[in-house]
>>> print(open('input-v5.txt').read())   # compact mmCIF, C-alpha atoms
# COMPACT_ATOMS: atom_id res chain seq x y z
CA MET A 1 -13.07 11.60 13.84
CA PHE A 2 -15.43 11.45 16.80
CA LEU A 3 -17.07 8.05 17.29
CA PRO A 4 -20.64 8.58 18.54
CA VAL A 5 -20.71 5.57 20.84
CA ASP A 6 -23.72 6.79 22.83
CA ASP A 7 -25.74 7.24 19.63
CA ALA A 8 -24.73 3.74 18.59
CA TYR A 9 -26.00 2.34 21.90
CA ALA A 10 -29.28 4.20 21.45
CA SER A 11 -29.81 2.67 17.99
CA MET A 12 -29.40 -0.94 19.14
CA ASN A 13 -32.19 -3.48 19.42
CA PRO A 14 -32.34 -6.18 22.11
CA GLY A 15 -30.11 -9.08 21.14
CA HIS A 16 -27.96 -6.99 18.79
CA MET A 17 -25.14 -5.50 20.82
CA SER A 18 -22.26 -4.60 18.49
CA VAL A 19 -20.99 -1.04 18.65
CA SER A 20 -18.65 -1.75 15.73
CA ALA A 21 -21.53 -2.92 13.53
CA GLU A 22 -23.60 0.16 14.36
CA MET A 23 -20.71 2.55 13.78
CA GLY A 24 -20.95 2.05 10.02
CA LYS A 25 -24.17 4.08 10.06
CA PHE A 26 -22.26 7.08 11.39
CA VAL A 27 -18.77 6.80 9.87
CA THR A 28 -19.75 5.92 6.32
CA PRO A 29 -17.52 5.06 3.33
CA ALA A 30 -18.63 8.31 1.69
CA LEU A 31 -17.47 10.28 4.73
CA MET A 32 -14.08 8.55 4.77
CA GLU A 33 -13.67 9.23 1.05
CA GLN A 34 -14.31 12.94 1.62
CA VAL A 35 -11.64 13.12 4.33
CA LEU A 36 -9.00 11.12 2.46
CA ASP A 37 -9.50 12.79 -0.91
CA ALA A 38 -9.24 16.19 0.77
CA GLY A 39 -5.64 15.33 1.65
CA HIS A 40 -6.04 14.21 5.25
CA ASN A 41 -5.90 11.07 7.34
CA ILE A 42 -7.62 10.40 10.62
CA ASP A 43 -7.37 9.18 14.16
CA PHE A 44 -10.46 8.19 16.13
CA VAL A 45 -11.58 9.62 19.46
CA ASP A 46 -14.71 9.10 21.56
CA ALA A 47 -16.32 10.70 24.58
CA GLU A 48 -14.15 8.82 27.07
CA SER A 49 -10.86 9.75 25.37
CA VAL A 50 -11.91 13.39 25.01
CA LEU A 51 -12.66 13.56 28.75
CA ALA A 52 -9.42 11.79 29.70
CA LEU A 53 -6.95 13.29 27.20
CA GLY A 54 -8.58 16.23 25.48
CA ILE A 55 -8.10 16.83 21.73
CA THR A 56 -4.74 17.63 20.15
CA HIS A 57 -5.69 17.48 16.46
CA LYS A 58 -6.31 20.53 14.27
CA VAL A 59 -9.84 19.47 13.27
CA LEU A 60 -12.52 17.29 14.87
CA VAL A 61 -15.17 15.79 12.57
CA MET A 62 -18.40 14.81 14.38
CA PRO A 63 -20.58 12.55 12.19
CA ARG A 64 -24.28 12.41 13.11
CA VAL A 65 -23.64 13.09 16.81
CA SER A 66 -26.85 13.72 18.77
CA ARG A 67 -25.95 12.52 22.27
CA LEU A 68 -23.17 14.15 24.29
CA SER A 69 -22.75 14.77 27.99
CA PRO A 70 -22.38 18.35 29.25
CA ALA A 71 -18.83 17.47 30.37
CA VAL A 72 -17.79 16.48 26.83
CA LEU A 73 -19.39 19.61 25.39
CA ALA A 74 -17.39 21.68 27.86
CA LYS A 75 -14.21 20.02 26.61
CA LEU A 76 -15.21 20.75 23.01
CA ASP A 77 -15.89 24.38 23.83
CA ALA A 78 -12.45 24.72 25.42
CA TYR A 79 -10.91 23.02 22.36
CA VAL A 80 -12.50 25.57 19.99
CA ARG A 81 -11.57 28.52 22.22
CA GLY A 82 -7.98 27.22 22.06
CA GLY A 83 -7.94 27.32 18.25
CA GLY A 84 -9.40 23.92 17.36
CA LYS A 85 -11.91 23.48 14.53
CA ILE A 86 -15.06 21.33 14.55
CA ILE A 87 -17.10 20.06 11.59
CA ALA A 88 -20.48 18.58 12.52
CA VAL A 89 -22.12 16.34 9.91
CA ALA A 90 -25.91 15.91 9.52
CA SER A 91 -26.81 16.66 13.15
CA LYS A 92 -25.88 18.71 16.20
CA PRO A 93 -25.70 17.49 19.81
CA SER A 94 -29.12 17.92 21.37
CA LEU A 95 -29.69 15.00 23.77
CA ALA A 96 -28.14 13.67 26.94
CA PRO A 97 -26.80 10.09 26.78
CA GLY A 98 -28.70 7.57 28.89
CA PHE A 99 -31.88 7.94 30.94
CA VAL A 100 -30.64 9.13 34.33
CA ASP A 101 -31.84 12.72 34.87
CA ALA A 102 -32.30 12.91 31.10
CA SER A 103 -34.66 15.91 30.98
CA ARG A 104 -32.42 18.22 33.02
CA LEU A 105 -29.23 17.14 31.27
CA THR A 106 -30.79 17.40 27.81
CA ALA A 107 -31.62 21.03 28.52
CA GLN A 108 -27.97 21.63 29.47
CA VAL A 109 -26.78 19.82 26.32
CA ALA A 110 -29.04 21.89 24.07
CA ALA A 111 -27.85 25.16 25.61
CA ALA A 112 -24.17 24.17 25.46
CA SER A 113 -24.57 23.00 21.87
CA ARG A 114 -26.11 26.32 20.79
CA ALA A 115 -23.23 28.19 22.41
CA LEU A 116 -20.66 25.92 20.78
CA PHE A 117 -22.09 26.27 17.28
CA ALA A 118 -22.16 30.03 17.63
CA ARG A 119 -18.35 30.08 17.72
CA SER A 120 -16.39 30.88 14.56
CA GLY A 121 -14.34 27.69 14.61
CA VAL A 122 -17.38 25.41 14.25
CA GLN A 123 -19.00 24.41 10.94
CA TYR A 124 -22.15 22.42 10.20
CA VAL A 125 -22.69 20.51 6.93
CA ALA A 126 -25.90 18.77 5.98
CA ASP A 127 -24.36 15.54 4.70
CA ASP A 128 -21.12 13.69 3.97
CA ALA A 129 -20.68 15.36 0.57
CA GLY A 130 -19.94 18.71 2.22
CA VAL A 131 -17.11 17.51 4.46
CA GLY A 132 -14.31 17.91 1.90
CA ALA A 133 -15.10 21.57 1.28
CA ALA A 134 -15.50 22.21 5.01
CA LEU A 135 -12.06 20.71 5.66
CA ALA A 136 -10.57 22.94 2.96
CA ARG A 137 -11.99 25.97 4.81
CA ALA A 138 -10.71 24.76 8.17
CA VAL A 139 -7.11 23.67 7.47
CA ALA A 140 -4.65 23.24 4.63
CA PRO A 141 -4.37 19.67 3.25
CA ASP A 142 -1.78 17.58 5.05
CA PHE A 143 -0.79 15.58 1.95
CA LYS A 144 -2.43 16.40 -1.38
CA VAL A 145 -1.58 14.67 -4.66
CA ALA A 146 -2.04 16.41 -8.01
CA SER A 147 -3.71 13.33 -9.53
CA SER A 148 -4.75 9.78 -8.59
CA ALA A 149 -6.01 11.03 -5.22
CA SER A 150 -8.15 7.96 -4.63
CA ASP A 151 -5.18 5.63 -5.28
CA VAL A 152 -2.56 7.16 -2.98
CA GLY A 153 -2.99 6.77 0.76
CA PHE A 154 -0.84 8.08 3.59
CA ILE A 155 -0.36 8.18 7.34
CA HIS A 156 1.40 11.14 8.96
CA ARG A 157 3.11 11.05 12.34
CA LYS A 158 5.00 13.80 14.15
CA LEU A 159 8.50 13.02 15.36
CA ALA A 160 10.41 14.79 18.09
CA ASP A 161 12.67 16.35 15.44
CA GLY A 162 10.61 16.14 12.26
CA ASP A 163 7.74 14.47 10.43
CA LEU A 164 7.21 11.00 9.01
CA TYR A 165 4.86 10.07 6.15
CA PHE A 166 3.99 6.52 5.13
CA ILE A 167 2.81 6.73 1.50
CA ALA A 168 1.22 3.87 -0.45
CA ASN A 169 -0.12 3.29 -3.94
CA THR A 170 -3.21 1.16 -3.32
CA SER A 171 -3.90 0.56 -7.03
CA ASN A 172 -2.63 -1.99 -9.56
CA ARG A 173 -1.22 0.71 -11.87
CA PRO A 174 1.86 2.94 -11.60
CA VAL A 175 1.32 6.42 -10.18
CA ARG A 176 3.38 9.31 -11.55
CA THR A 177 2.29 12.58 -9.99
CA SER A 178 3.37 15.19 -7.46
CA ALA A 179 2.28 15.88 -3.91
CA THR A 180 2.16 18.90 -1.65
CA LEU A 181 2.90 18.55 2.05
CA ARG A 182 1.84 20.81 4.90
CA ALA A 183 4.94 19.92 6.94
CA ALA A 184 8.00 22.10 6.21
CA HIS A 185 11.59 20.98 6.78
CA ARG A 186 14.94 21.47 5.09
CA HIS A 187 15.81 17.80 4.48
CA ALA A 188 13.75 14.94 3.01
CA THR A 189 14.75 11.27 2.87
CA TRP A 190 13.02 8.31 1.25
CA ILE A 191 13.17 4.94 3.02
CA ASP A 192 12.12 1.68 1.37
CA PRO A 193 10.14 -0.19 4.07
CA ALA A 194 10.94 -3.56 2.44
CA THR A 195 14.73 -3.18 2.44
CA GLY A 196 15.56 -0.24 4.69
CA ALA A 197 17.44 1.42 1.82
CA ALA A 198 17.51 5.21 2.14
CA SER A 199 18.16 7.99 -0.35
CA PRO A 200 17.71 11.76 -0.51
CA ALA A 201 14.33 12.88 -1.82
CA SER A 202 14.14 15.32 -4.70
CA SER A 203 15.86 18.64 -4.17
CA THR A 204 12.55 20.28 -5.12
CA VAL A 205 11.37 19.91 -1.50
CA PRO A 206 12.32 23.26 0.09
CA ALA A 207 11.64 24.35 3.64
CA SER A 208 8.23 25.81 2.86
CA PRO A 209 4.69 24.51 3.24
CA ARG A 210 2.76 23.17 0.26
CA SER A 211 5.89 22.67 -1.88
CA ALA A 212 5.77 20.12 -4.70
CA LEU A 213 7.24 16.65 -4.25
CA PRO A 214 7.66 14.44 -7.35
CA LEU A 215 6.05 11.09 -6.59
CA THR A 216 6.53 7.89 -8.60
CA LEU A 217 5.09 4.67 -7.16
CA ALA A 218 4.89 1.22 -8.72
CA PRO A 219 1.64 -0.76 -8.36
CA TYR A 220 1.02 -1.39 -4.64
CA GLU A 221 4.36 0.20 -3.72
CA SER A 222 4.79 1.97 -0.40
CA ARG A 223 7.52 4.23 0.93
CA ILE A 224 8.40 6.23 4.00
CA LEU A 225 9.28 9.93 3.73
CA VAL A 226 11.23 11.41 6.64
CA LEU A 227 11.35 15.23 6.90
CA THR A 228 13.88 16.86 9.23
CA ASP A 229 15.66 20.19 9.65
CA ALA A 230 18.99 18.44 10.18
CA PRO A 231 20.27 15.73 7.81
CA ALA A 232 18.67 12.41 8.68
CA ALA A 233 20.95 10.35 10.94
CA LEU A 234 20.69 7.08 9.03
CA PRO A 235 23.33 4.33 9.26
CA SER A 236 25.58 4.31 6.20
CA ALA A 237 24.67 0.65 5.63
CA LEU A 238 21.11 1.74 4.83
CA ARG A 239 22.11 4.31 2.22
CA ALA A 240 21.70 3.34 -1.43
CA ALA A 241 21.24 4.95 -4.80
CA ALA A 242 17.82 6.43 -5.47
CA SER A 243 17.20 3.90 -8.22
CA ALA A 244 17.11 1.14 -5.62
CA LEU A 245 13.75 2.57 -4.61
CA GLY A 246 12.42 2.11 -8.13
CA GLN A 247 12.24 5.82 -8.88
CA ALA A 248 12.29 5.90 -12.67
CA SER A 249 13.32 9.23 -14.16
CA ALA A 250 11.34 9.86 -17.31
CA SER A 251 13.90 12.40 -18.54
CA GLY A 252 17.23 10.98 -17.36
CA GLU A 253 16.99 7.20 -17.79
CA ALA A 254 18.29 5.30 -20.83
CA VAL A 255 18.07 1.66 -21.92
CA LEU A 256 21.58 0.19 -21.92
CA ALA A 257 20.58 -3.29 -23.05
CA ASP A 258 17.49 -5.39 -23.77
CA LEU A 259 17.96 -8.72 -21.98
CA SER A 260 14.64 -10.27 -23.00
CA ARG A 261 16.20 -12.86 -25.33
CA ASP A 262 18.77 -15.66 -25.38
CA TRP A 263 19.01 -16.79 -21.76
CA LEU A 264 20.66 -20.04 -20.69
CA VAL A 265 18.12 -21.81 -18.48
CA THR A 266 18.72 -24.74 -16.12
CA PHE A 267 15.72 -26.77 -14.96
CA PRO A 268 16.21 -29.26 -12.06
CA GLY A 269 17.64 -32.60 -13.25
CA ARG A 270 18.31 -31.31 -16.77
CA ALA A 271 21.25 -29.87 -18.63
CA SER A 272 21.30 -26.14 -19.29
CA GLU A 273 19.39 -25.20 -22.44
CA PRO A 274 18.92 -21.96 -24.39
CA MET A 275 15.66 -20.02 -24.19
CA ALA A 276 15.48 -17.72 -27.20
CA THR A 277 12.46 -15.77 -25.95
CA LEU A 278 11.29 -15.51 -22.36
CA GLN A 279 8.10 -17.49 -21.79
CA SER A 280 6.21 -19.27 -19.02
CA TRP A 281 7.28 -22.79 -18.10
CA THR A 282 3.69 -23.84 -18.64
CA GLU A 283 4.14 -23.28 -22.41
CA ASN A 284 6.31 -26.39 -22.58
CA GLU A 285 4.69 -29.76 -21.87
CA SER A 286 7.82 -31.06 -20.12
CA THR A 287 7.73 -28.21 -17.55
CA ARG A 288 3.99 -27.51 -17.45
CA PHE A 289 3.55 -29.03 -13.99
CA LEU A 290 6.93 -28.03 -12.60
CA SER A 291 7.24 -26.45 -9.16
CA ALA A 292 10.88 -25.67 -8.50
CA GLU A 293 13.72 -23.16 -8.54
CA VAL A 294 15.08 -22.55 -12.03
CA ARG A 295 18.31 -20.74 -12.92
CA TYR A 296 18.54 -18.15 -15.74
CA GLU A 297 22.00 -17.00 -16.88
CA LYS A 298 23.19 -14.33 -19.28
CA SER A 299 26.27 -12.14 -19.86
CA VAL A 300 26.36 -8.48 -20.80
CA ASN A 301 29.31 -6.25 -21.74
CA LEU A 302 29.62 -2.77 -20.26
CA THR A 303 32.18 -0.01 -20.75
CA GLU A 304 33.79 2.20 -18.14
CA THR A 305 31.81 5.13 -19.55
CA GLN A 306 28.52 3.29 -19.06
CA LEU A 307 29.45 2.43 -15.48
CA ARG A 308 29.67 6.10 -14.55
CA ALA A 309 25.88 6.15 -14.23
CA PRO A 310 23.78 4.14 -11.73
CA ILE A 311 22.51 0.98 -13.43
CA ALA A 312 19.40 -1.02 -12.57
CA ILE A 313 18.04 -4.28 -13.91
CA ASP A 314 14.34 -3.93 -14.63
CA PHE A 315 11.95 -6.86 -15.15
CA GLY A 316 8.90 -4.85 -16.25
CA GLU A 317 5.82 -3.42 -14.57
CA GLY A 318 3.43 -6.35 -14.96
CA LYS A 319 -0.09 -6.33 -16.37
CA PRO A 320 -2.93 -4.80 -14.31
CA LEU A 321 -6.10 -6.88 -14.17
CA GLU A 322 -9.31 -5.14 -15.16
CA SER A 323 -11.67 -7.33 -13.10
CA THR A 324 -11.52 -9.49 -10.02
CA PRO A 325 -10.74 -13.14 -10.83
CA LYS A 326 -13.09 -15.82 -9.54
CA VAL A 327 -10.98 -17.16 -6.70
CA PRO A 328 -11.84 -18.42 -3.21
CA ALA A 329 -12.30 -15.90 -0.43
CA GLY A 330 -9.10 -14.07 0.39
CA MET A 331 -6.86 -11.29 -0.87
CA ARG A 332 -4.70 -11.01 -3.95
CA ALA A 333 -2.93 -8.33 -5.93
CA MET A 334 -4.78 -7.38 -9.10
CA LEU A 335 -1.58 -7.60 -11.11
CA GLU A 336 -0.03 -10.25 -13.34
CA SER A 337 3.60 -9.83 -12.38
CA PRO A 338 6.54 -10.25 -14.80
CA ILE A 339 8.26 -12.59 -12.31
CA ARG A 340 6.30 -15.65 -11.25
CA GLU A 341 6.64 -15.79 -8.34
CA ALA A 342 9.91 -14.71 -6.72
CA ALA A 343 13.51 -14.28 -7.79
CA VAL A 344 16.99 -13.77 -6.37
CA VAL A 345 19.44 -11.87 -8.59
CA PHE A 346 23.19 -12.51 -8.65
CA VAL A 347 25.71 -10.33 -10.49
CA ASN A 348 29.20 -11.72 -11.07
CA GLY A 349 28.56 -14.34 -8.41
CA GLN A 350 27.41 -11.85 -5.76
CA ARG A 351 23.86 -11.70 -4.44
CA ALA A 352 22.38 -8.35 -5.50
CA GLY A 353 18.90 -8.72 -4.04
CA SER A 354 15.49 -10.40 -4.26
CA LEU A 355 12.27 -9.52 -6.09
CA TRP A 356 8.71 -10.60 -5.32
CA LYS A 357 6.64 -7.40 -5.59
CA PRO A 358 6.56 -4.14 -7.55
CA PRO A 359 8.77 -2.39 -8.44
CA TYR A 360 10.49 -5.31 -10.15
CA ARG A 361 13.92 -3.70 -10.38
CA LEU A 362 17.22 -3.70 -8.55
CA ASP A 363 20.12 -1.29 -8.48
CA ILE A 364 23.11 -3.46 -9.42
CA THR A 365 25.74 -0.75 -9.90
CA SER A 366 27.95 -1.96 -7.05
CA TRP A 367 28.40 -5.42 -8.54
CA LEU A 368 29.18 -4.47 -12.15
CA LYS A 369 32.63 -4.09 -13.74
CA PRO A 370 34.01 -3.04 -17.12
CA GLY A 371 33.86 -5.85 -19.66
CA SER A 372 31.76 -9.01 -19.38
CA ASN A 373 29.28 -9.30 -16.50
CA LYS A 374 27.45 -12.50 -15.61
CA ILE A 375 23.83 -12.05 -14.53
CA GLU A 376 22.07 -14.96 -12.86
CA VAL A 377 18.41 -14.98 -11.82
CA ARG A 378 17.04 -17.83 -9.72
CA VAL A 379 13.26 -18.00 -10.01
CA ALA A 380 10.87 -20.08 -7.88
CA ASN A 381 7.16 -20.57 -8.63
CA LEU A 382 4.14 -21.92 -6.73
CA SER A 383 3.71 -25.50 -5.54
CA LEU A 384 0.24 -25.39 -7.11
CA ASN A 385 1.71 -26.35 -10.50
CA MET A 386 3.04 -29.64 -9.14
CA LEU A 387 -0.32 -30.31 -7.47
CA ALA A 388 -2.12 -29.65 -10.75
CA GLY A 389 -0.12 -32.46 -12.40
CA GLN A 390 -1.26 -35.05 -9.86
CA GLU A 391 -4.39 -37.16 -10.10
CA ARG A 392 -7.24 -36.03 -7.89
CA ALA A 393 -7.97 -38.22 -4.90
CA ASP A 394 -10.80 -40.72 -5.42
CA HIS A 395 -13.11 -40.62 -2.39
CA ARG A 396 -15.80 -43.02 -3.65
CA LEU A 397 -14.83 -45.94 -1.36
CA LEU A 398 -14.67 -43.58 1.61
CA TRP A 399 -18.13 -42.20 0.80
CA ALA A 400 -19.56 -45.69 0.22
CA ARG A 401 -18.53 -46.75 3.72
CA TYR A 402 -19.16 -43.57 5.72
CA GLY A 403 -21.43 -41.48 3.55
CA GLN A 404 -20.50 -38.31 1.68
CA ARG A 405 -19.57 -36.16 4.66
CA PHE A 406 -17.62 -33.61 2.64
CA VAL A 407 -17.35 -32.34 -0.91
CA PRO A 408 -13.93 -31.27 -2.28
CA GLN A 409 -14.01 -27.53 -2.92
CA ASP A 410 -12.44 -25.40 -5.64
CA THR A 411 -10.69 -28.32 -7.34
CA GLN A 412 -11.36 -26.60 -10.67
CA LEU A 413 -8.87 -23.95 -9.61
CA ILE A 414 -6.01 -26.44 -9.36
CA ILE A 415 -4.43 -25.57 -12.70
CA PRO A 416 -0.85 -24.60 -13.61
CA HIS A 417 -0.10 -20.93 -13.14
CA PRO A 418 2.35 -18.94 -15.31
CA SER A 419 5.89 -19.40 -14.02
CA GLY A 420 9.39 -18.02 -14.51
CA LEU A 421 10.68 -14.81 -16.06
CA LEU A 422 8.06 -13.44 -18.42
CA GLY A 423 9.88 -10.25 -19.45
CA PRO A 424 10.72 -7.77 -20.69
CA VAL A 425 14.12 -7.51 -18.95
CA ARG A 426 16.26 -4.42 -19.46
CA LEU A 427 19.37 -2.73 -18.09
CA LEU A 428 18.58 0.91 -17.37
CA ALA A 429 21.07 3.70 -16.75
CA GLY A 430 20.29 6.82 -14.77
CA GLU A 431 21.93 10.21 -15.11
CA ALA A 432 25.73 10.03 -15.23
CA LYS A 433 27.63 10.85 -12.06
>>> encode(input="input-v5.txt", output="structure tokens")
Amino acid sequence: MFLPVDDAYASMNPGHMSVSAEMGKFVTPALMEQVLDAGHNIDFVDAESVLALGITHKVLVMPRVSRLSPAVLAKLDAYVRGGGKIIAVASKPSLAPGFVDASRLTAQVAAASRALFARSGVQYVADDAGVGAALARAVAPDFKVASSASDVGFIHRKLADGDLYFIANTSNRPVRTSATLRAAHRHATWIDPATGAASPASSTVPASPRSALPLTLAPYESRILVLTDAPAALPSALRAAASALGQASASGEAVLADLSRDWLVTFPGRASEPMATLQSWTENESTRFLSAEVRYEKSVNLTETQLRAPIAIDFGEGKPLESTPKVPAGMRAMLESPIREAAVVFVNGQRAGSLWKPPYRLDITSWLKPGSNKIEVRVANLSLNMLAGQERADHRLLWARYGQRFVPQDTQLIIPHPSGLLGPVRLLAGEAK
């Protein structure tokens, strides 16, 4: 994406000198949506970088560019003659940047622009809405999903011996689709960026362009896909079963046990007590304002036959929110999670992993044994609950002496938040080994 810095300078008024603020008039949200939904991502270049480094990308998009120097146009002409593609949006270069010798240089720019746009590798579209179709004519999509295109984002980088894709679900709902990739290699490996765990990707990724890749992503989940011609040289310590990445198999996964009932729960300073049905601590008056770490314990019996398959403990997907809550300025996930707020899971006394984000599941195969297995989940919530149980500070004496120099803000938001395991909790078995 070419940043028309000279056009941005020309549109400024005295006293308003922000190139970044002006750039939004050229690189619009609608333009970005066209590029991303067409199965591409972008890097940015400008006149200075083109002169210094040239252009190495397959396609250059030029949004509303009117001012270019003859030297930059010469670089663009060489780029197209070398096989590059250009898509100009809403305008063509016709003016020289700046005022020095403007008349003579503008004539050169106009002539060079006419010659450039006469070449077969250059397209012109009248507005942002035409960019997606123009990209489809210029180059195959780099990463195209079969559905939920606006929810799945990616970044693609070339490696010395392969390709790397960072893929993210930006929505608050699970995505179950497939993707086609332009890069072609014989081996594909998933890496979980949160844990470093690695596993082979589906065997349906052959060494051919535009082959289908099954893609299952939890709300807000991201993963890294590494494509190589040789098997990925990953340390054995990073290798794990595919279920550790939260890849649910709709056809090959079975529920071994429903663990949503009858936990033994230990609150700080209290004896262990049964919890027949999982519920928030705020449902009980004695724990409504509790901020702490609470221990959940339960045992489950498994047979040797059941242990032949990979087994994961799954805490549910959470509930997507339909509208933005009224909260102070900031960022939050639009998802009511089934674990509030974070948990560490132990199996037979061994730490199996931690959970604080989707997917709320762990592969626990390595820690299970035939017979009785003890599962312990330690859950910690927010300190806000404890704060909500305290009396609000009384500032009247302070204000009487010094005047009301401040007003407490957002105190109405200091209320207890749901806490603990909310369920459902299940043991899930994948396909038998």
>>> residues_around(input="input-v5.txt", residues="range 260-272 of chain A", least_positions_apart="6", cutoff="10 Å", atoms="all atoms listed in the file", output="VMD selection string")
chain A and resid 278 to 279 281 287 290 to 299 315 375 to 378 421 to 426
>>> residues_around(input="input-v5.txt", residues="Arg173 in chain A", least_positions_apart="3", cutoff="12 Å", atoms="all atoms listed in the file", output="ChimeraX atom specification")
/A:148,151-152,169-170,176,216-221,317-322,333-337,358-359
>>> residues_around(input="input-v5.txt", residues="Leu159 in chain A", least_positions_apart="5", cutoff="12 Å", atoms="all atoms listed in the file", output="PDB file with C-alpha atoms, in the coordinates of the input")
ATOM      1  CA  LEU A 164       7.210  11.000   9.010  1.00  0.00           C
ATOM      2  CA  TYR A 165       4.860  10.070   6.150  1.00  0.00           C
ATOM      3  CA  ALA A 183       4.940  19.920   6.940  1.00  0.00           C
ATOM      4  CA  VAL A 226      11.230  11.410   6.640  1.00  0.00           C
ATOM      5  CA  LEU A 227      11.350  15.230   6.900  1.00  0.00           C
ATOM      6  CA  THR A 228      13.880  16.860   9.230  1.00  0.00           C
ATOM      7  CA  ASP A 229      15.660  20.190   9.650  1.00  0.00           C
TER       8      ASP A 229
END
>>> atom_distance(input="input-v5.txt", atom1="CA of Val59 in chain A", atom2="CA of Ala146 in chain A")
22.9 Å
>>> residues_near_point(input="input-v5.txt", point="(10.2, -9.7, -7.8)", cutoff="8 Å", atoms="only C-alpha atoms", output="PyMOL selection string")
chain A and resi 338-343+354-361
>>> write_last_selection(input="input-v5.txt", atoms="C-alpha atoms", output="PDB file, keeping the file's coordinate frame")
ATOM      1  CA  PRO A 338       6.540 -10.250 -14.800  1.00  0.00           C
ATOM      2  CA  ILE A 339       8.260 -12.590 -12.310  1.00  0.00           C
ATOM      3  CA  ARG A 340       6.300 -15.650 -11.250  1.00  0.00           C
ATOM      4  CA  GLU A 341       6.640 -15.790  -8.340  1.00  0.00           C
ATOM      5  CA  ALA A 342       9.910 -14.710  -6.720  1.00  0.00           C
ATOM      6  CA  ALA A 343      13.510 -14.280  -7.790  1.00  0.00           C
ATOM      7  CA  SER A 354      15.490 -10.400  -4.260  1.00  0.00           C
ATOM      8  CA  LEU A 355      12.270  -9.520  -6.090  1.00  0.00           C
ATOM      9  CA  TRP A 356       8.710 -10.600  -5.320  1.00  0.00           C
ATOM     10  CA  LYS A 357       6.640  -7.400  -5.590  1.00  0.00           C
ATOM     11  CA  PRO A 358       6.560  -4.140  -7.550  1.00  0.00           C
ATOM     12  CA  PRO A 359       8.770  -2.390  -8.440  1.00  0.00           C
ATOM     13  CA  TYR A 360      10.490  -5.310 -10.150  1.00  0.00           C
ATOM     14  CA  ARG A 361      13.920  -3.700 -10.380  1.00  0.00           C
TER      15      ARG A 361
END
